[in-house]
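A.B. asks: I am sharing data-v5.cif, which consists of mmCIF, C-alpha atoms:
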```cif
data_data
loop_
_atom_site.label_atom_id
_atom_site.label_comp_id
_atom_site.auth_asym_id
_atom_site.auth_seq_id
_atom_site.Cartn_x
_atom_site.Cartn_y
_atom_site.Cartn_z
CA MET A 28 58.20 6.73 34.23
CA SER A 29 58.69 9.96 36.14
CA LEU A 30 57.84 12.06 33.05
CA PHE A 31 54.73 9.99 32.40
CA THR A 32 53.61 10.42 36.02
CA GLU A 33 54.08 14.18 35.90
CA ALA A 34 52.12 14.42 32.64
CA ILE A 35 49.20 12.36 33.97
CA PHE A 36 48.97 14.29 37.23
CA GLY A 37 49.04 17.58 35.34
CA LYS A 38 46.37 16.45 32.90
CA LEU A 39 44.10 15.16 35.65
CA LYS A 40 44.42 18.41 37.62
CA ALA A 41 43.79 20.52 34.52
CA PHE A 42 40.72 18.48 33.56
CA ALA A 43 39.35 18.68 37.11
CA LEU A 44 39.81 22.46 37.11
CA GLN A 45 38.03 22.71 33.77
CA GLN A 46 35.12 20.66 35.10
CA GLN A 47 34.97 22.78 38.24
CA GLN A 48 34.82 25.98 36.18
CA ASN A 49 31.91 24.42 34.29
CA GLY A 50 30.02 24.01 37.57
CA GLN A 51 31.04 20.46 38.52
CA GLU A 52 31.56 19.76 42.24
CA ILE A 53 35.12 18.42 42.61
CA ILE A 54 36.34 16.17 45.45
CA ASP A 55 40.08 15.72 45.15
CA LEU A 56 41.40 12.42 46.56
CA SER A 57 44.55 12.34 44.47
CA LEU A 58 47.47 13.92 46.32
CA GLY A 59 48.53 12.42 49.67
CA SER A 60 49.07 15.79 51.34
CA PRO A 61 47.56 16.02 54.83
CA ASP A 62 44.59 18.39 55.08
CA ILE A 63 44.87 18.60 58.89
CA PRO A 64 47.10 21.47 60.10
CA PRO A 65 50.07 20.85 62.41
CA ALA A 66 49.41 20.70 66.14
CA PRO A 67 49.15 24.18 67.76
CA MET A 68 52.34 23.61 69.77
CA LEU A 69 54.24 23.11 66.50
CA LEU A 70 52.78 26.21 64.86
CA GLU A 71 53.62 28.32 67.90
CA ASN A 72 57.15 26.94 68.12
CA MET A 73 57.83 27.54 64.43
CA ALA A 74 56.53 31.10 64.62
CA LYS A 75 58.71 31.88 67.62
CA LEU A 76 61.87 30.40 66.10
CA THR A 77 61.45 32.07 62.70
CA ALA A 78 61.36 35.45 64.45
CA ASN A 79 64.91 34.88 65.74
CA PRO A 80 67.43 36.60 63.41
CA GLN A 81 70.02 33.96 64.36
CA SER A 82 67.93 31.19 62.76
CA TYR A 83 68.86 31.95 59.17
CA GLY A 84 72.33 30.52 58.71
CA TYR A 85 73.38 27.24 57.11
CA THR A 86 72.86 24.20 59.32
CA LEU A 87 74.95 21.85 57.07
CA THR A 88 73.65 18.73 58.85
CA GLY A 89 70.96 17.79 61.32
CA VAL A 90 71.21 19.81 64.52
CA LYS A 91 71.96 17.81 67.67
CA ALA A 92 68.50 18.46 69.12
CA PHE A 93 66.85 16.85 66.10
CA ASN A 94 69.09 13.76 66.04
CA ASP A 95 68.60 13.28 69.77
CA ALA A 96 64.82 13.57 69.39
CA VAL A 97 64.83 10.89 66.66
CA CYS A 98 66.72 8.57 69.03
CA ARG A 99 64.29 9.22 71.90
CA TYR A 100 61.35 8.60 69.56
CA TYR A 101 62.74 5.29 68.33
CA ALA A 102 63.53 4.17 71.87
CA ARG A 103 60.00 4.97 73.13
CA VAL A 104 57.93 3.91 70.15
CA ASN A 105 59.96 1.07 68.62
CA ASP A 106 62.22 -0.07 71.47
CA VAL A 107 65.17 0.54 69.14
CA GLN A 108 68.38 2.16 70.42
CA LEU A 109 70.19 4.51 68.03
CA ASP A 110 73.40 6.50 68.21
CA PRO A 111 72.54 10.13 67.31
CA GLU A 112 76.05 10.75 65.94
CA THR A 113 76.43 7.73 63.66
CA GLU A 114 73.02 6.15 63.07
CA VAL A 115 70.79 9.14 62.21
CA LEU A 116 70.87 11.25 59.04
CA GLN A 117 68.45 14.03 58.21
CA THR A 118 66.99 14.42 54.71
CA MET A 119 64.88 17.11 53.03
CA GLY A 120 61.75 14.99 53.16
CA SER A 121 61.70 11.29 52.46
CA GLN A 122 61.42 11.84 48.68
CA GLU A 123 64.87 13.43 48.59
CA GLY A 124 66.36 10.59 50.60
CA LEU A 125 64.65 7.89 48.56
CA VAL A 126 65.73 9.34 45.22
CA HIS A 127 69.35 9.96 46.20
CA LEU A 128 70.08 6.84 48.23
CA PRO A 129 70.53 4.43 45.27
CA ILE A 130 73.30 6.69 43.93
CA ALA A 131 75.29 6.07 47.11
CA PHE A 132 75.28 2.29 46.81
CA CYS A 133 74.64 1.28 43.21
CA ASN A 134 76.61 1.43 40.01
CA PRO A 135 75.03 1.60 36.55
CA GLY A 136 73.55 -1.78 35.71
CA ASP A 137 73.26 -2.98 39.30
CA ILE A 138 69.94 -4.62 40.18
CA ILE A 139 67.56 -3.05 42.68
CA LEU A 140 64.63 -5.08 43.97
CA THR A 141 61.43 -3.06 44.13
CA THR A 142 57.71 -3.72 43.89
CA ASN A 143 55.02 -3.39 41.26
CA PRO A 144 53.04 -1.29 42.08
CA ALA A 145 55.29 1.08 44.05
CA TYR A 146 55.67 4.71 45.06
CA VAL A 147 56.94 6.60 42.00
CA ALA A 148 60.05 8.01 43.73
CA TYR A 149 61.60 4.53 43.85
CA ASP A 150 61.80 4.25 40.08
CA ALA A 151 63.13 7.81 39.88
CA GLY A 152 65.99 6.91 42.22
CA ILE A 153 66.73 3.67 40.40
CA HIS A 154 66.91 5.41 37.04
CA LEU A 155 68.99 8.28 38.43
CA ALA A 156 71.56 5.75 39.62
CA GLY A 157 71.52 4.00 36.24
CA ALA A 158 70.50 0.80 38.01
CA THR A 159 68.14 -1.90 36.74
CA PRO A 160 64.86 -2.53 38.58
CA TYR A 161 63.60 -6.03 39.27
CA TYR A 162 59.89 -5.82 40.05
CA MET A 163 58.29 -8.03 42.67
CA PRO A 164 54.50 -8.12 42.20
CA LEU A 165 52.18 -7.21 45.08
CA THR A 166 49.35 -9.72 44.82
CA LYS A 167 46.19 -10.36 46.77
CA GLU A 168 47.24 -13.99 47.19
CA ASN A 169 50.39 -12.95 49.05
CA GLY A 170 48.71 -10.35 51.24
CA TYR A 171 50.20 -7.60 49.04
CA LEU A 172 53.66 -8.32 50.48
CA PRO A 173 56.57 -8.85 48.06
CA ASP A 174 57.34 -12.55 47.81
CA LEU A 175 61.10 -12.77 48.37
CA ALA A 176 61.11 -16.52 47.83
CA SER A 177 59.95 -16.01 44.24
CA VAL A 178 63.00 -13.86 43.34
CA PRO A 179 65.28 -16.05 41.18
CA ALA A 180 68.60 -16.83 42.85
CA GLU A 181 70.56 -15.42 39.91
CA ILE A 182 68.73 -12.09 40.36
CA ALA A 183 69.14 -12.03 44.14
CA GLU A 184 72.86 -12.72 43.85
CA LYS A 185 73.32 -9.66 41.63
CA ALA A 186 71.01 -7.34 43.59
CA LYS A 187 72.52 -4.50 45.61
CA LEU A 188 69.43 -2.95 47.18
CA LEU A 189 65.94 -4.00 48.31
CA LEU A 190 63.24 -1.30 48.64
CA LEU A 191 60.28 -1.97 50.94
CA ASN A 192 57.35 0.22 52.02
CA LEU A 193 55.06 -1.08 54.79
CA PRO A 194 52.36 0.21 55.29
CA GLY A 195 52.68 1.00 51.64
CA ASN A 196 51.85 3.57 49.03
CA PRO A 197 49.77 2.87 46.99
CA VAL A 198 48.93 -0.51 48.60
CA PRO A 199 48.71 -0.12 52.40
CA ALA A 200 49.82 -3.65 53.33
CA MET A 201 51.08 -4.07 56.90
CA PRO A 202 54.39 -5.67 57.97
CA SER A 203 54.77 -8.45 60.50
CA LYS A 204 57.58 -9.67 62.74
CA GLN A 205 57.80 -12.89 60.74
CA TYR A 206 57.97 -11.06 57.42
CA PHE A 207 60.74 -8.72 58.53
CA GLU A 208 62.68 -11.74 59.86
CA GLU A 209 62.43 -13.23 56.36
CA VAL A 210 63.71 -9.95 54.92
CA VAL A 211 66.76 -9.94 57.21
CA ALA A 212 67.56 -13.58 56.40
CA PHE A 213 67.19 -12.90 52.66
CA ALA A 214 69.40 -9.81 52.82
CA LYS A 215 72.12 -11.63 54.76
CA LYS A 216 72.04 -14.61 52.42
CA TYR A 217 72.53 -12.48 49.31
CA ASN A 218 74.44 -9.52 50.81
CA ILE A 219 71.73 -7.01 49.91
CA ILE A 220 71.15 -3.60 51.51
CA VAL A 221 67.57 -3.08 52.71
CA LEU A 222 65.85 0.31 52.76
CA HIS A 223 62.48 0.29 54.50
CA ASP A 224 60.28 3.31 53.85
CA ALA A 225 58.26 3.80 57.06
CA ALA A 226 56.55 7.06 56.07
CA TYR A 227 53.15 5.75 57.23
CA SER A 228 54.25 4.04 60.44
CA GLU A 229 51.98 6.22 62.58
CA PHE A 230 48.94 5.51 60.39
CA TYR A 231 47.43 2.41 61.97
CA PHE A 232 43.78 2.00 62.84
CA THR A 233 43.41 -1.27 64.74
CA GLY A 234 45.63 -3.27 67.06
CA ASP A 235 49.32 -2.56 67.50
CA ALA A 236 51.40 -0.09 65.54
CA PRO A 237 53.35 -1.39 62.53
CA MET A 238 56.70 -2.59 63.79
CA SER A 239 59.89 -0.84 62.76
CA PHE A 240 62.14 -2.84 60.47
CA LEU A 241 65.02 -1.93 62.80
CA ALA A 242 63.25 -3.70 65.68
CA THR A 243 63.96 -6.98 63.89
CA PRO A 244 67.06 -8.83 65.16
CA GLY A 245 69.90 -8.31 62.69
CA ALA A 246 68.16 -5.50 60.78
CA LYS A 247 70.87 -2.97 61.57
CA ASP A 248 73.41 -5.35 60.05
CA VAL A 249 71.71 -5.19 56.66
CA GLY A 250 69.88 -1.95 56.32
CA LEU A 251 68.22 1.34 56.95
CA GLU A 252 64.81 2.81 57.63
CA ILE A 253 63.60 6.15 56.34
CA ASN A 254 60.80 8.02 58.06
CA SER A 255 59.15 11.34 57.42
CA LEU A 256 57.31 13.95 59.47
CA SER A 257 55.25 14.94 56.41
CA LYS A 258 52.26 12.71 57.02
CA SER A 259 52.42 11.76 60.70
CA PHE A 260 52.83 15.34 61.93
CA SER A 261 51.23 17.30 59.04
CA LEU A 262 54.58 18.90 58.16
CA ALA A 263 54.58 18.00 54.46
CA GLY A 264 55.62 21.44 53.24
CA ALA A 265 58.40 21.70 55.83
CA ARG A 266 60.27 18.89 54.04
CA ILE A 267 61.96 17.05 56.88
CA ALA A 268 62.68 13.35 57.29
CA TYR A 269 65.50 11.08 58.44
CA ILE A 270 67.31 7.86 57.68
CA VAL A 271 68.33 5.61 60.58
CA GLY A 272 70.16 2.32 60.88
CA ASN A 273 73.51 0.84 59.87
CA ALA A 274 76.29 3.28 60.80
CA GLU A 275 78.55 2.56 57.83
CA MET A 276 75.66 2.95 55.39
CA ILE A 277 74.67 6.21 57.09
CA ARG A 278 78.26 7.43 56.70
CA ILE A 279 78.19 6.73 52.97
CA VAL A 280 74.86 8.51 52.41
CA LYS A 281 76.03 11.41 54.59
CA GLN A 282 79.10 11.77 52.39
CA LEU A 283 76.87 11.92 49.30
CA LYS A 284 74.55 14.47 50.88
CA SER A 285 77.45 16.72 51.85
CA ASN A 286 77.76 17.42 48.13
CA LEU A 287 74.06 18.08 47.60
CA ASP A 288 72.77 20.50 50.23
CA PHE A 289 73.59 22.73 53.20
CA GLY A 290 70.96 21.43 55.58
CA ILE A 291 67.39 22.28 56.58
CA PHE A 292 66.16 25.57 58.08
CA GLU A 293 66.90 25.37 61.82
CA PRO A 294 63.36 26.33 62.99
CA VAL A 295 62.03 23.40 60.97
CA GLN A 296 64.51 21.02 62.60
CA LEU A 297 63.75 22.22 66.12
CA THR A 298 60.00 22.10 65.53
CA ALA A 299 60.38 18.58 64.17
CA ALA A 300 62.26 17.64 67.34
CA LEU A 301 59.35 18.99 69.40
CA ALA A 302 56.94 16.93 67.28
CA LEU A 303 58.89 13.73 67.85
CA ASP A 304 59.06 14.35 71.60
CA ASN A 305 55.26 14.75 71.68
CA ALA A 306 54.45 12.07 69.11
CA GLU A 307 52.07 10.06 71.26
CA GLU A 308 49.82 13.06 71.93
CA ILE A 309 49.92 14.40 68.36
CA THR A 310 49.48 11.17 66.44
CA ALA A 311 46.69 9.73 68.62
CA SER A 312 44.31 12.45 67.43
CA LEU A 313 45.47 12.00 63.84
CA ARG A 314 44.80 8.26 63.95
CA THR A 315 41.27 8.75 65.28
CA THR A 316 40.43 11.04 62.37
CA PHE A 317 42.01 8.88 59.70
CA ALA A 318 40.56 5.64 61.08
CA GLU A 319 37.07 7.09 60.67
CA ARG A 320 37.83 8.28 57.15
CA HIS A 321 39.35 4.90 56.26
CA GLN A 322 36.24 3.00 57.34
CA ILE A 323 33.86 5.34 55.51
CA LEU A 324 35.73 5.15 52.22
CA MET A 325 36.66 1.46 52.35
CA ASN A 326 33.19 0.27 53.39
CA GLY A 327 31.47 2.68 51.03
CA LEU A 328 33.41 1.51 48.00
CA GLN A 329 32.77 -2.14 48.86
CA GLN A 330 29.05 -1.45 49.15
CA ILE A 331 28.93 -0.05 45.61
CA GLY A 332 30.72 -3.09 44.19
CA TRP A 333 34.37 -2.11 44.24
CA GLU A 334 37.09 -4.54 45.38
CA VAL A 335 39.23 -2.88 48.04
CA ALA A 336 42.62 -4.16 49.20
CA PRO A 337 42.20 -4.95 52.92
CA SER A 338 44.17 -2.64 55.18
CA ASN A 339 44.43 -1.50 58.77
CA GLY A 340 46.64 1.49 58.14
CA GLY A 341 48.27 3.83 55.68
CA MET A 342 46.92 7.00 54.14
CA PHE A 343 45.35 5.52 51.03
CA VAL A 344 42.76 3.09 49.75
CA TRP A 345 43.79 0.85 46.84
CA ALA A 346 40.70 -0.24 44.95
CA LYS A 347 39.68 -2.15 41.84
CA TYR A 348 36.78 -0.46 40.07
CA PRO A 349 34.05 -2.54 38.34
CA TYR A 350 34.38 -1.06 34.85
CA ALA A 351 36.06 -2.50 31.75
CA MET A 352 38.47 0.32 30.90
CA THR A 353 42.03 1.35 31.57
CA SER A 354 42.81 3.04 34.86
CA VAL A 355 43.75 6.27 33.06
CA ASP A 356 40.48 6.34 31.11
CA PHE A 357 38.55 5.58 34.27
CA ALA A 358 40.28 8.36 36.20
CA PHE A 359 39.14 10.89 33.60
CA LYS A 360 35.64 9.41 33.48
CA ALA A 361 35.40 9.66 37.28
CA ILE A 362 36.20 13.36 37.08
CA GLU A 363 33.80 13.94 34.20
CA GLN A 364 30.82 12.04 35.59
CA ALA A 365 31.37 12.15 39.36
CA GLY A 366 33.79 14.99 40.01
CA VAL A 367 36.09 12.71 42.03
CA VAL A 368 39.84 12.98 41.38
CA MET A 369 41.89 9.80 41.91
CA VAL A 370 45.27 8.51 40.75
CA PRO A 371 45.26 5.82 38.03
CA GLY A 372 46.87 2.62 39.26
CA THR A 373 49.28 2.44 36.33
CA VAL A 374 51.07 5.55 37.65
CA PHE A 375 52.57 3.13 40.20
CA GLY A 376 53.42 0.32 37.79
CA THR A 377 51.92 -2.03 35.22
CA ALA A 378 50.32 -4.16 37.97
CA GLY A 379 48.15 -1.16 38.83
CA GLU A 380 46.01 -1.57 35.72
CA GLY A 381 42.37 -1.79 36.74
CA TYR A 382 43.00 -0.01 40.07
CA VAL A 383 42.96 3.52 41.44
CA ARG A 384 44.49 5.07 44.55
CA LEU A 385 42.33 7.27 46.75
CA ALA A 386 43.87 9.45 49.47
CA LEU A 387 42.16 10.00 52.84
CA VAL A 388 42.63 13.76 52.60
CA GLN A 389 39.05 15.02 52.84
CA ASN A 390 36.72 15.03 55.82
CA SER A 391 34.34 12.15 56.47
CA ALA A 392 31.31 13.90 54.99
CA LEU A 393 33.13 14.59 51.71
CA LEU A 394 34.40 11.01 51.54
CA ALA A 395 30.86 9.70 51.95
CA ARG A 396 29.75 12.17 49.29
CA ALA A 397 32.53 10.92 46.98
CA VAL A 398 31.24 7.37 47.29
CA GLU A 399 27.73 8.52 46.41
CA LYS A 400 29.03 10.33 43.35
CA LEU A 401 31.19 7.38 42.23
CA GLN A 402 28.09 5.18 42.29
CA THR A 403 26.60 7.33 39.49
CA ILE A 404 29.34 6.49 36.97
CA GLN A 405 28.02 4.69 33.92
#
```
Can you give me the file's structure in the form of structure tokens?
C.D. replies:
Amino acid sequence: MSLFTEAIFGKLKAFALQQQQNGQEIIDLSLGSPDIPPAPMLLENMAKLTANPQSYGYTLTGVKAFNDAVCRYYARVNDVQLDPETEVLQTMGSQEGLVHLPIAFCNPGDIILTTNPAYVAYDAGIHLAGATPYYMPLTKENGYLPDLASVPAEIAEKAKLLLLNLPGNPVPAMPSKQYFEEVVAFAKKYNIIVLHDAAYSEFYFTGDAPMSFLATPGAKDVGLEINSLSKSFSLAGARIAYIVGNAEMIRIVKQLKSNLDFGIFEPVQLTAALALDNAEEITASLRTTFAERHQILMNGLQQIGWEVAPSNGGMFVWAKYPYAMTSVDFAFKAIEQAGVVMVPGTVFGTAGEGYVRLALVQNSALLARAVEKLQTIQ
């Protein structure tokens, strides 16, 4: 799966470049990398810290200032209390944490519950651990939430880990208090570890913010939450994220990570701490921008006859195109005829056939232009 994904991404990029060299206007909506630069206070802080000659040693683990900032952020934003010593673990971006975590808890052949479609890193981690995935479909009928009640008891009894991502990638479904309560009850019944990927928790466009899984009563008994500063604070290249939750589980992952790396560059950690302490100011502006983009792309695609998964958050639009062809073939046709680069739905699983994922990583005018160009596909 990971090799197939890499090959498709490379081929799409190469074909788009070829078309661009031939004079085609290209609008790239494929990679979910923020196009908005970090807040000025973060740029200034990073520049100042990198000029300090004392900043260049090993950090080994998360510095105290970073762990403390994570705890303050969770207390303010999610009303969740965390111990910075035992319930916070830094990772080199959420991808690193997601891929390595199954190794800490699963033996070869163990079952991991995941979704179809799902972010590609989940399968990579499952395969790296030698575990066996059990795919829960994300369907329109179930609000694109995995239906835990449909998991056969014999599968649930053997499962070691449950991977969730709300708001999701590629399908930006939103969590609810009731749903997370069902997750906790399910995990306790079958003695399953839960990992909730909250990378898009600051990307909400209407109403209240998506709730943290850890805000659910009993969640710390059964699991962990991973969150990243890549999207919410435009620090994707800085590669900094964290896992929070159950202290014993954190201890086990920390032990694994002590064999894998020597920590993150200290200026990155301290700048991330500053970002978390100023989250409300930084993310409010981000949400305004992305809410506008979301409406333009979602409404535009619906107006030209596409079926769009309803969403009030996330960084992507998950859409079913009105053409009788595979998602890979359509992705290439969209580049050839419209100059719009998207990710074929099957990159994220077999249930993605007939869909594409579009990232909100261009300004509003370019997104409107992309819709116009997509309407010309024949």
A.B. asks: Check which residues satisfy the PyMOL selection byres ((chain A and resi 321) around 12) in the file shown, then give them as a ChimeraX atom specification.
C.D. replies: /A:199,230-233,314-320,322-328,335-345,385-391,394-395
A.B. asks: For the selection just defined, write its residues with C-alpha atoms to a file, as a short mmCIF file (atom, residue, chain, number, x, y, z; two decimals), in the coordinates of the input.
C.D. replies:
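Saved to part38.cif:
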```
data_model
loop_
_atom_site.label_atom_id
_atom_site.label_comp_id
_atom_site.auth_asym_id
_atom_site.auth_seq_id
_atom_site.Cartn_x
_atom_site.Cartn_y
_atom_site.Cartn_z
CA PRO A 199 48.71 -0.12 52.40
CA PHE A 230 48.94 5.51 60.39
CA TYR A 231 47.43 2.41 61.97
CA PHE A 232 43.78 2.00 62.84
CA THR A 233 43.41 -1.27 64.74
CA ARG A 314 44.80 8.26 63.95
CA THR A 315 41.27 8.75 65.28
CA THR A 316 40.43 11.04 62.37
CA PHE A 317 42.01 8.88 59.70
CA ALA A 318 40.56 5.64 61.08
CA GLU A 319 37.07 7.09 60.67
CA ARG A 320 37.83 8.28 57.15
CA GLN A 322 36.24 3.00 57.34
CA ILE A 323 33.86 5.34 55.51
CA LEU A 324 35.73 5.15 52.22
CA MET A 325 36.66 1.46 52.35
CA ASN A 326 33.19 0.27 53.39
CA GLY A 327 31.47 2.68 51.03
CA LEU A 328 33.41 1.51 48.00
CA VAL A 335 39.23 -2.88 48.04
CA ALA A 336 42.62 -4.16 49.20
CA PRO A 337 42.20 -4.95 52.92
CA SER A 338 44.17 -2.64 55.18
CA ASN A 339 44.43 -1.50 58.77
CA GLY A 340 46.64 1.49 58.14
CA GLY A 341 48.27 3.83 55.68
CA MET A 342 46.92 7.00 54.14
CA PHE A 343 45.35 5.52 51.03
CA VAL A 344 42.76 3.09 49.75
CA TRP A 345 43.79 0.85 46.84
CA LEU A 385 42.33 7.27 46.75
CA ALA A 386 43.87 9.45 49.47
CA LEU A 387 42.16 10.00 52.84
CA VAL A 388 42.63 13.76 52.60
CA GLN A 389 39.05 15.02 52.84
CA ASN A 390 36.72 15.03 55.82
CA SER A 391 34.34 12.15 56.47
CA LEU A 394 34.40 11.01 51.54
CA ALA A 395 30.86 9.70 51.95
#
```
A.B. asks: Counting only C-alpha atoms, which residues have an atom no more than 10 Å from (36.0, 18.4, 46.8) in the file's coordinates? Please list them as JSON, numbers by chain.
C.D. replies: {"A": [47, 51, 52, 53, 54, 55, 56, 366, 367, 368, 388, 389, 390, 393, 394, 396, 397]}
A.B. asks: At a cut-off of 10 Å, using only C-alpha atoms, what residues contact Ile270 in chain A? Leave out same-chain residues fewer than 6 positions from it and give the result as a VMD selection string.
C.D. replies: chain A and resid 97 114 to 118 121 124 to 125 128 222 to 225 251 to 255 276 to 277 280 to 281
A.B. asks: Restricting the output to C-alpha atoms, write the selected residues as a PDB file, in the coordinates of the input.
C.D. replies:
```pdb
ATOM      1  CA  VAL A  97      64.830  10.890  66.660  1.00  0.00           C
ATOM      2  CA  GLU A 114      73.020   6.150  63.070  1.00  0.00           C
ATOM      3  CA  VAL A 115      70.790   9.140  62.210  1.00  0.00           C
ATOM      4  CA  LEU A 116      70.870  11.250  59.040  1.00  0.00           C
ATOM      5  CA  GLN A 117      68.450  14.030  58.210  1.00  0.00           C
ATOM      6  CA  THR A 118      66.990  14.420  54.710  1.00  0.00           C
ATOM      7  CA  SER A 121      61.700  11.290  52.460  1.00  0.00           C
ATOM      8  CA  GLY A 124      66.360  10.590  50.600  1.00  0.00           C
ATOM      9  CA  LEU A 125      64.650   7.890  48.560  1.00  0.00           C
ATOM     10  CA  LEU A 128      70.080   6.840  48.230  1.00  0.00           C
ATOM     11  CA  LEU A 222      65.850   0.310  52.760  1.00  0.00           C
ATOM     12  CA  HIS A 223      62.480   0.290  54.500  1.00  0.00           C
ATOM     13  CA  ASP A 224      60.280   3.310  53.850  1.00  0.00           C
ATOM     14  CA  ALA A 225      58.260   3.800  57.060  1.00  0.00           C
ATOM     15  CA  LEU A 251      68.220   1.340  56.950  1.00  0.00           C
ATOM     16  CA  GLU A 252      64.810   2.810  57.630  1.00  0.00           C
ATOM     17  CA  ILE A 253      63.600   6.150  56.340  1.00  0.00           C
ATOM     18  CA  ASN A 254      60.800   8.020  58.060  1.00  0.00           C
ATOM     19  CA  SER A 255      59.150  11.340  57.420  1.00  0.00           C
ATOM     20  CA  MET A 276      75.660   2.950  55.390  1.00  0.00           C
ATOM     21  CA  ILE A 277      74.670   6.210  57.090  1.00  0.00           C
ATOM     22  CA  VAL A 280      74.860   8.510  52.410  1.00  0.00           C
ATOM     23  CA  LYS A 281      76.030  11.410  54.590  1.00  0.00           C
TER      24      LYS A 281
END
```
A.B. asks: Where does the PyMOL selection byres ((chain A and resi 303) around 10) land in this file, that is, which residues does it pick, as a PyMOL selection string?
C.D. replies: chain A and resi 93+95-101+256+259-260+297-302+304-310
A.B. asks: Which residues are near Ala200 in chain A? Cut-off 7 Å, only C-alpha atoms, ignore same chain within fewer than 2 positions. Put them as number ranges by chain.
C.D. replies: A: 171-172, 193-195, 198, 202, 338
A.B. asks: Using all atoms listed in the file for the distances, tell me which of A:Ser354, A:Ser82, A:Asn286, A:Thr403 is nearest to Ala131 in chain A.
C.D. replies: A:Asn286
A.B. asks: For the provided coordinates, the residues matched by the PyMOL selection byres ((chain A and resi 164-168) around 8) should be stated as a PyMOL selection string.
C.D. replies: chain A and resi 142-144+162-163+169-174+336+378
A.B. asks: Around all the atoms of range 213-230 of chain A listed in the file, draw an axis-aligned box and extend it by 4 Å on each of the six sides; I want its centre and edge lengths in Å to one decimal, as AutoDock Vina command-line options.
C.D. replies:
```
--center_x 61.7 --center_y -3.8 --center_z 55.9 --size_x 33.5 --size_y 29.7 --size_z 21.3
```
A.B. asks: Work out how far apart CA of Ile153 in chain A and CA of Glu275 in chain A are and give it in Å to one decimal.
C.D. replies: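 Interatomic distance here is 21.1 Å.
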A.B. asks: Could you list, as an MDAnalysis selection string, every residue within 8 Å of Ile130 in chain A, counting only C-alpha atoms and ignoring same-chain residues fewer than 2 positions away?
C.D. replies: chainID A and resid 127:128 132:134 152 155:156
A.B. asks: For CA of Pro294 in chain A and CA of Thr77 in chain A, determine how far apart the two atoms are, in Å to one decimal place.
C.D. replies: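 So the answer is 6.1 Å.
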